[in-house]
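Student: Take a look at this one; I'll ask things after.
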Amino acid sequence: MADKTSSLTVALVGNPNTGKSTLFSALCGVPARVGNYPGVTVEKKLGRYRDDQGEVLIIDLPGTYSLSARTMDEMVSVDVLLSRQSDVPKLDVIVAIADATNLERNLYLFTQLRQLEIPIILVLNMWDRVMASAMKVDLAQLSERLGVTVVVATASRSSGVQEIKAAIRAASVKGNSAQETLFPAEFQAECDGLRDWLLASGQPELQPFLIQRLLLDVDSAHAQRLSKQASLKELPSRLAEARARLASAGHRVPALETRCRYNWIRSLLTGVVDRPAEETNTTSDRIDHVLTHRVWGLVIFAAIMFAVFQCISTGASGIMAAIEALQGGLVAWVHSWLAPSILRSLIDDGIIAGVGSVLLFLPQILILFFFIGVLEDCGYMARAAFVMDKLMTKLGLSGKSFLPLMSSFACAVPGIMATRVIENTRDRMITILVAPLMSCSARLPVYILLIYTFVPDTAWFGGWIGLRGIVLFAMHVLGLAVAIPVAWLLKRFFFPGATSAFVMELPSYKLPSAKVVFYRVWERGQSFLGRAGSLIFCTAVLVWAAGYFPGDHTQVHQLARTIEQRELQESEDSGGELKAMRAEERLLNGELIKGSLLGQAGQAVEPLVKPLGWDWRIGVGVIASFPAREVIIATLGTIYSLGGDVDEHNGSLKEALASSRWEDGRPVYTLPVALSIMVFFALCAQCAATLMVIRRETNSWRWPIFTFVYMTVLAYTGSFITYNLATWVLG
Amino acid sequence: MLSLADLREGQSATIIEVRGDDAIAVRLMEMGLTGGERIKLLGFAPLGDPLEIIIRGYRLSLRCSEAKRVVVELVV
């Protein structure tokens, strides 16, 4: 029988690269909930499992090297651990997870965690590697010296999981043993003084750990938050004075903490860990020698990235074609039992198309995260960042931004989701904001249609270099070229401050674990389908409604019904009657879309888009393509009365575009107009999925709106310049 | 004074101190670069920056600009 007291709340804390997420999955399967903590970009991951005494809630905190609280993001972890985060229940046990092969550095975080006065257990993960090496750890001795239960585990093989669950239960009952301080007496005296002053200023009592942090973290988010109160205005100067006193006693502040903790760890581990003299010619080192070699390192890096990129764009296209075929089949099935009506239109063009536009992104996301999972787990990901860092710092980013940006050339949605590997908030935000500028595969149909219709098939050097190819290439380079100044401006004006650190652990190489890769792919797929998926779906349905209402569809539905009945009855079109009816249906559809909200919006924006060389129909196409860029082709097809089934290779759409005229008889589509549209699409943010994923990843509506506005302004300006320049050059 | 960025591939050194008290300096110290520790420079990235070191038994990479803050003494 599970009673109330037997349910536990447990936090999982550890350094990055310790297999923390894998242990989380091994403990409770896929997460029950993945979200964000309010107001920050810190991911909130919760999971549950049951043991024989009741339910256990696991909170997976972001991987961190230290519990210092300099930034708001770092402060979240501290607040959760100290039960100061209102949306998280009080913790019963902390599970500290450490890489057993690298105990000294991993225990640094542990020394901070044990000061929180919460029952704690220590998990030594990757124990299989310790077993395979010459290293020896005296576990009984370690447990005794630390005063906590120590459990060994190999999370990637789910070994040690039962022992961890048992230790959590035991620790929740046992509580914590008293601990000696690792700081000098002078520091302790300053802490006491600060505590007394805070109490005298009418503050509620702070946990001792937070008092220490106020002294240890220079310019911390917590101190800034506190000093906003009138009674604590003096806090910053008091802290500065206390640090000055400590410095004159030989305890300079940032160095004091690391020195004391590492000295304590060193003496603790003496006689506990027996490690052979450091080898620097292990298998891992030999692999590293090749993979970070001056020449081979770059060649292999380029080859791996090219392979990933190829697999995303070609591998996904097969699955995407299958999804589209499935969509077509579903539409045909709906048609077989439902006569043309508003309901059928909603099901066809709203719901099925909406679900399709969500699912279409899934293959790319799954393939990308498969590769990220493999590369990360085998240890190459850190090397890729190591190899690319110098190049990326020239663009104002860091080496870790490379993969997300490169994947954005296939699709910005998985690219933006991949920015989670970037720990630095500023680098991550800038990467997210410029990722949609990379020319994704959804822009390709638009380029292809316009290039093959309007760009002359001129070729040089025996046909090896063609004008069409050059234009296509230029469109892909354009986004990248624009991203560089944009990243610089973002850094300069929106995210000012010192350059971020690139202090990164290079884990040793190993064979990737199928389980780790699977969890990674599963989790990302699930998190995309959740919130972002529903928002993308809603947008698709809304745009359908805007293209449908207002307008009297009775005539067109009636006509469609007659056509479908005729098609069933007659295999031959007698006297071209059916053809005439189809033409009339298309004409009616064209009229209806002109009168719809979408069409009215297109006509309303015509004065705005005229400087770009566009007419209202292009305006409608651009507005309607908000759910996804490639929708413009179907929309243009509808407007030009071709019915819904057109693609970029459709001859009649090309003809219709080429023969389209302004009222005075001039052709609407000329080369400058085609270029102007292409540049617009290269730079605009007409992709609901991207914006919704930005919303999800930044946990704020501010950034998707910002992205939409800045990219639309860029697109409009670029398009305007292109149109006028091309008109002037081409006469 | 010699800094970590001045070392050549394969050279070992002892850390004297990490200069500064900003977030980067603290991060370096938290990663184990504290006074008295032995480090070895394993090499540089293909484009010459960042560099890779071994400290406290694990491998760490940092940019040359960060390595310049680490004052060291060569071990011969």
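Identifiers for the structure tokens are assigned positionally: chains receive A, B, ... in sequence, residues are indexed from 1 per chain, and ligands are indexed from 1 in the order shown.
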What residues in chain A have any atom no more than 8 Å from chain B when counting only C-alpha atoms, and can you write them as a PyMOL selection string?
Tutor: chain A and resi 65-66+70+102+104-105+108+218+253-255+258-259+262+278+292-295+297-298+386-387+389-391+500-507
Student: Identify, on the basis of only C-alpha atoms, every residue whose closest approach to Leu109 of chain A does not exceed 12 Å; exclude the query and any residue fewer than 2 positions from it along the same chain; express the result as a PDB file with N, CA and C atoms, in the first residue's frame.
Tutor:
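Dumped everything to result-v4.pdb:
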```pdb
ATOM      1  N   VAL A  13      21.444  15.452 -10.460  1.00  0.00           N
ATOM      2  CA  VAL A  13      22.375  16.538 -10.736  1.00  0.00           C
ATOM      3  C   VAL A  13      23.736  15.955 -11.100  1.00  0.00           C
ATOM      4  N   GLY A  14      24.400  16.583 -12.056  1.00  0.00           N
ATOM      5  CA  GLY A  14      25.742  16.127 -12.395  1.00  0.00           C
ATOM      6  C   GLY A  14      26.383  16.999 -13.462  1.00  0.00           C
ATOM      7  N   ASN A  15      27.660  16.751 -13.724  1.00  0.00           N
ATOM      8  CA  ASN A  15      28.383  17.460 -14.786  1.00  0.00           C
ATOM      9  C   ASN A  15      27.813  17.048 -16.140  1.00  0.00           C
ATOM     10  N   PRO A  16      28.016  17.868 -17.190  1.00  0.00           N
ATOM     11  CA  PRO A  16      27.700  17.394 -18.536  1.00  0.00           C
ATOM     12  C   PRO A  16      28.563  16.169 -18.865  1.00  0.00           C
ATOM     13  N   GLY A  63      22.846  19.720 -16.968  1.00  0.00           N
ATOM     14  CA  GLY A  63      24.218  19.378 -16.603  1.00  0.00           C
ATOM     15  C   GLY A  63      25.005  20.639 -16.265  1.00  0.00           C
ATOM     16  N   THR A  64      25.741  20.602 -15.168  1.00  0.00           N
ATOM     17  CA  THR A  64      26.488  21.802 -14.768  1.00  0.00           C
ATOM     18  C   THR A  64      27.782  21.388 -14.066  1.00  0.00           C
ATOM     19  N   TYR A  65      28.777  22.262 -14.130  1.00  0.00           N
ATOM     20  CA  TYR A  65      30.043  21.965 -13.470  1.00  0.00           C
ATOM     21  C   TYR A  65      30.085  22.536 -12.064  1.00  0.00           C
ATOM     22  N   SER A  66      29.154  23.447 -11.785  1.00  0.00           N
ATOM     23  CA  SER A  66      29.228  24.140 -10.507  1.00  0.00           C
ATOM     24  C   SER A  66      27.861  24.693 -10.134  1.00  0.00           C
ATOM     25  N   LEU A  67      27.642  24.869  -8.862  1.00  0.00           N
ATOM     26  CA  LEU A  67      26.367  25.426  -8.411  1.00  0.00           C
ATOM     27  C   LEU A  67      26.463  26.921  -8.189  1.00  0.00           C
ATOM     28  N   SER A  68      27.464  27.570  -8.735  1.00  0.00           N
ATOM     29  CA  SER A  68      27.535  29.012  -8.582  1.00  0.00           C
ATOM     30  C   SER A  68      26.317  29.604  -9.261  1.00  0.00           C
ATOM     31  N   VAL A  95      20.301  12.968  -6.151  1.00  0.00           N
ATOM     32  CA  VAL A  95      21.161  11.942  -6.719  1.00  0.00           C
ATOM     33  C   VAL A  95      22.256  12.670  -7.491  1.00  0.00           C
ATOM     34  N   ALA A  96      23.480  12.633  -6.963  1.00  0.00           N
ATOM     35  CA  ALA A  96      24.601  13.269  -7.642  1.00  0.00           C
ATOM     36  C   ALA A  96      25.248  12.217  -8.519  1.00  0.00           C
ATOM     37  N   ILE A  97      25.337  12.502  -9.822  1.00  0.00           N
ATOM     38  CA  ILE A  97      25.922  11.518 -10.719  1.00  0.00           C
ATOM     39  C   ILE A  97      27.290  12.011 -11.174  1.00  0.00           C
ATOM     40  N   ALA A  98      28.271  11.104 -11.134  1.00  0.00           N
ATOM     41  CA  ALA A  98      29.640  11.481 -11.460  1.00  0.00           C
ATOM     42  C   ALA A  98      30.235  10.473 -12.441  1.00  0.00           C
ATOM     43  N   ASP A  99      31.111  10.961 -13.314  1.00  0.00           N
ATOM     44  CA  ASP A  99      31.858  10.095 -14.213  1.00  0.00           C
ATOM     45  C   ASP A  99      32.948   9.424 -13.381  1.00  0.00           C
ATOM     46  N   LEU A 103      36.909  11.261 -11.362  1.00  0.00           N
ATOM     47  CA  LEU A 103      36.283  11.583 -10.087  1.00  0.00           C
ATOM     48  C   LEU A 103      36.654  12.941  -9.541  1.00  0.00           C
ATOM     49  N   GLU A 104      37.938  13.284  -9.696  1.00  0.00           N
ATOM     50  CA  GLU A 104      38.410  14.499  -9.042  1.00  0.00           C
ATOM     51  C   GLU A 104      37.588  15.715  -9.457  1.00  0.00           C
ATOM     52  N   ARG A 105      37.446  15.907 -10.775  1.00  0.00           N
ATOM     53  CA  ARG A 105      36.693  17.082 -11.213  1.00  0.00           C
ATOM     54  C   ARG A 105      35.199  16.921 -10.953  1.00  0.00           C
ATOM     55  N   ASN A 106      34.674  15.701 -11.100  1.00  0.00           N
ATOM     56  CA  ASN A 106      33.248  15.481 -10.876  1.00  0.00           C
ATOM     57  C   ASN A 106      32.836  15.712  -9.420  1.00  0.00           C
ATOM     58  N   LEU A 107      33.764  15.481  -8.500  1.00  0.00           N
ATOM     59  CA  LEU A 107      33.409  15.656  -7.088  1.00  0.00           C
ATOM     60  C   LEU A 107      33.329  17.125  -6.696  1.00  0.00           C
ATOM     61  N   THR A 111      30.871  18.498  -3.820  1.00  0.00           N
ATOM     62  CA  THR A 111      31.187  19.212  -2.566  1.00  0.00           C
ATOM     63  C   THR A 111      30.207  20.369  -2.346  1.00  0.00           C
ATOM     64  N   GLN A 112      29.711  20.937  -3.442  1.00  0.00           N
ATOM     65  CA  GLN A 112      28.712  21.999  -3.280  1.00  0.00           C
ATOM     66  C   GLN A 112      27.352  21.420  -2.923  1.00  0.00           C
ATOM     67  N   LEU A 113      26.998  20.314  -3.597  1.00  0.00           N
ATOM     68  CA  LEU A 113      25.681  19.709  -3.360  1.00  0.00           C
ATOM     69  C   LEU A 113      25.516  19.255  -1.909  1.00  0.00           C
ATOM     70  N   ARG A 114      26.586  18.723  -1.314  1.00  0.00           N
ATOM     71  CA  ARG A 114      26.431  18.172   0.034  1.00  0.00           C
ATOM     72  C   ARG A 114      26.240  19.265   1.073  1.00  0.00           C
ATOM     73  N   GLN A 115      26.497  20.521   0.698  1.00  0.00           N
ATOM     74  CA  GLN A 115      26.261  21.615   1.641  1.00  0.00           C
ATOM     75  C   GLN A 115      24.803  22.054   1.690  1.00  0.00           C
ATOM     76  N   LEU A 116      23.981  21.496   0.803  1.00  0.00           N
ATOM     77  CA  LEU A 116      22.590  21.942   0.737  1.00  0.00           C
ATOM     78  C   LEU A 116      21.733  21.381   1.855  1.00  0.00           C
ATOM     79  N   LEU A 122      25.594   9.345  -4.009  1.00  0.00           N
ATOM     80  CA  LEU A 122      26.548   9.572  -5.094  1.00  0.00           C
ATOM     81  C   LEU A 122      26.542   8.349  -6.020  1.00  0.00           C
ATOM     82  N   GLU A 257      37.330  29.598  -3.331  1.00  0.00           N
ATOM     83  CA  GLU A 257      36.412  28.467  -3.351  1.00  0.00           C
ATOM     84  C   GLU A 257      37.016  27.262  -4.065  1.00  0.00           C
ATOM     85  N   THR A 258      37.530  27.488  -5.273  1.00  0.00           N
ATOM     86  CA  THR A 258      38.050  26.355  -6.036  1.00  0.00           C
ATOM     87  C   THR A 258      39.245  25.735  -5.322  1.00  0.00           C
ATOM     88  N   ARG A 261      37.940  23.679  -2.221  1.00  0.00           N
ATOM     89  CA  ARG A 261      37.214  22.466  -2.598  1.00  0.00           C
ATOM     90  C   ARG A 261      38.141  21.421  -3.217  1.00  0.00           C
ATOM     91  N   TYR A 262      39.012  21.873  -4.148  1.00  0.00           N
ATOM     92  CA  TYR A 262      39.897  20.894  -4.789  1.00  0.00           C
ATOM     93  C   TYR A 262      40.906  20.316  -3.805  1.00  0.00           C
ATOM     94  N   ILE A 265      39.078  17.671  -1.927  1.00  0.00           N
ATOM     95  CA  ILE A 265      38.855  16.477  -2.759  1.00  0.00           C
ATOM     96  C   ILE A 265      40.154  15.670  -2.877  1.00  0.00           C
TER      97      ILE A 265
ATOM     98  N   GLU B  30      37.019  26.364 -11.800  1.00  0.00           N
ATOM     99  CA  GLU B  30      36.084  25.289 -11.473  1.00  0.00           C
ATOM    100  C   GLU B  30      36.421  24.006 -12.220  1.00  0.00           C
ATOM    101  N   MET B  31      36.985  24.165 -13.433  1.00  0.00           N
ATOM    102  CA  MET B  31      37.337  22.990 -14.219  1.00  0.00           C
ATOM    103  C   MET B  31      38.629  22.362 -13.695  1.00  0.00           C
ATOM    104  N   GLY B  32      39.195  22.955 -12.671  1.00  0.00           N
ATOM    105  CA  GLY B  32      40.339  22.334 -12.026  1.00  0.00           C
ATOM    106  C   GLY B  32      41.671  23.023 -12.271  1.00  0.00           C
TER     107      GLY B  32
END
```
Student: Write out as a list in words each polymer residue whose atoms come within 9 Å of Val72 of chain B, counting only C-alpha atoms; drop sequence neighbours fewer than 5 positions from it.
Tutor: Met1, Leu2, Ser3, Leu4, Ala13, Thr14, Ile15, Ile16, Glu17, Val18 and Gly35 of chain B
Student: Quick one: pick out all alpha helix (DSSP H) residues within chain B from a backbone DSSP run and write them as a PDB file with N, CA and C atoms, in the first residue's frame.
Tutor:
```
ATOM      1  N   ALA B  23      33.606  35.683 -15.040  1.00  0.00           N
ATOM      2  CA  ALA B  23      33.005  34.361 -15.238  1.00  0.00           C
ATOM      3  C   ALA B  23      33.978  33.380 -15.906  1.00  0.00           C
ATOM      4  N   ILE B  24      34.789  33.863 -16.848  1.00  0.00           N
ATOM      5  CA  ILE B  24      35.705  32.957 -17.550  1.00  0.00           C
ATOM      6  C   ILE B  24      36.772  32.432 -16.592  1.00  0.00           C
ATOM      7  N   ALA B  25      37.319  33.337 -15.797  1.00  0.00           N
ATOM      8  CA  ALA B  25      38.349  32.918 -14.836  1.00  0.00           C
ATOM      9  C   ALA B  25      37.768  31.900 -13.856  1.00  0.00           C
ATOM     10  N   VAL B  26      36.557  32.163 -13.372  1.00  0.00           N
ATOM     11  CA  VAL B  26      35.943  31.248 -12.409  1.00  0.00           C
ATOM     12  C   VAL B  26      35.709  29.885 -13.062  1.00  0.00           C
ATOM     13  N   ARG B  27      35.209  29.910 -14.315  1.00  0.00           N
ATOM     14  CA  ARG B  27      34.972  28.640 -14.991  1.00  0.00           C
ATOM     15  C   ARG B  27      36.274  27.829 -15.124  1.00  0.00           C
ATOM     16  N   LEU B  28      37.360  28.511 -15.485  1.00  0.00           N
ATOM     17  CA  LEU B  28      38.648  27.809 -15.604  1.00  0.00           C
ATOM     18  C   LEU B  28      39.043  27.178 -14.275  1.00  0.00           C
ATOM     19  N   MET B  29      38.844  27.930 -13.208  1.00  0.00           N
ATOM     20  CA  MET B  29      39.219  27.394 -11.893  1.00  0.00           C
ATOM     21  C   MET B  29      38.316  26.220 -11.508  1.00  0.00           C
ATOM     22  N   GLU B  30      37.019  26.364 -11.800  1.00  0.00           N
ATOM     23  CA  GLU B  30      36.084  25.289 -11.473  1.00  0.00           C
ATOM     24  C   GLU B  30      36.421  24.006 -12.220  1.00  0.00           C
ATOM     25  N   CYS B  64      42.868  30.101 -27.026  1.00  0.00           N
ATOM     26  CA  CYS B  64      44.142  30.731 -26.692  1.00  0.00           C
ATOM     27  C   CYS B  64      43.918  31.976 -25.845  1.00  0.00           C
ATOM     28  N   SER B  65      42.840  32.733 -26.161  1.00  0.00           N
ATOM     29  CA  SER B  65      42.576  33.958 -25.396  1.00  0.00           C
ATOM     30  C   SER B  65      42.333  33.623 -23.918  1.00  0.00           C
ATOM     31  N   GLU B  66      41.741  32.462 -23.652  1.00  0.00           N
ATOM     32  CA  GLU B  66      41.510  32.044 -22.260  1.00  0.00           C
ATOM     33  C   GLU B  66      42.798  31.492 -21.650  1.00  0.00           C
ATOM     34  N   ALA B  67      43.554  30.765 -22.484  1.00  0.00           N
ATOM     35  CA  ALA B  67      44.802  30.168 -21.990  1.00  0.00           C
ATOM     36  C   ALA B  67      45.801  31.246 -21.576  1.00  0.00           C
TER      37      ALA B  67
END
```
Student: List every residue of segment 454-527 of chain A that DSSP, applied to the backbone of this structure, assigns to strand (DSSP E or B), and report them as JSON, numbers by chain.
Tutor: {"A": [459, 460, 465, 466, 504, 505]}
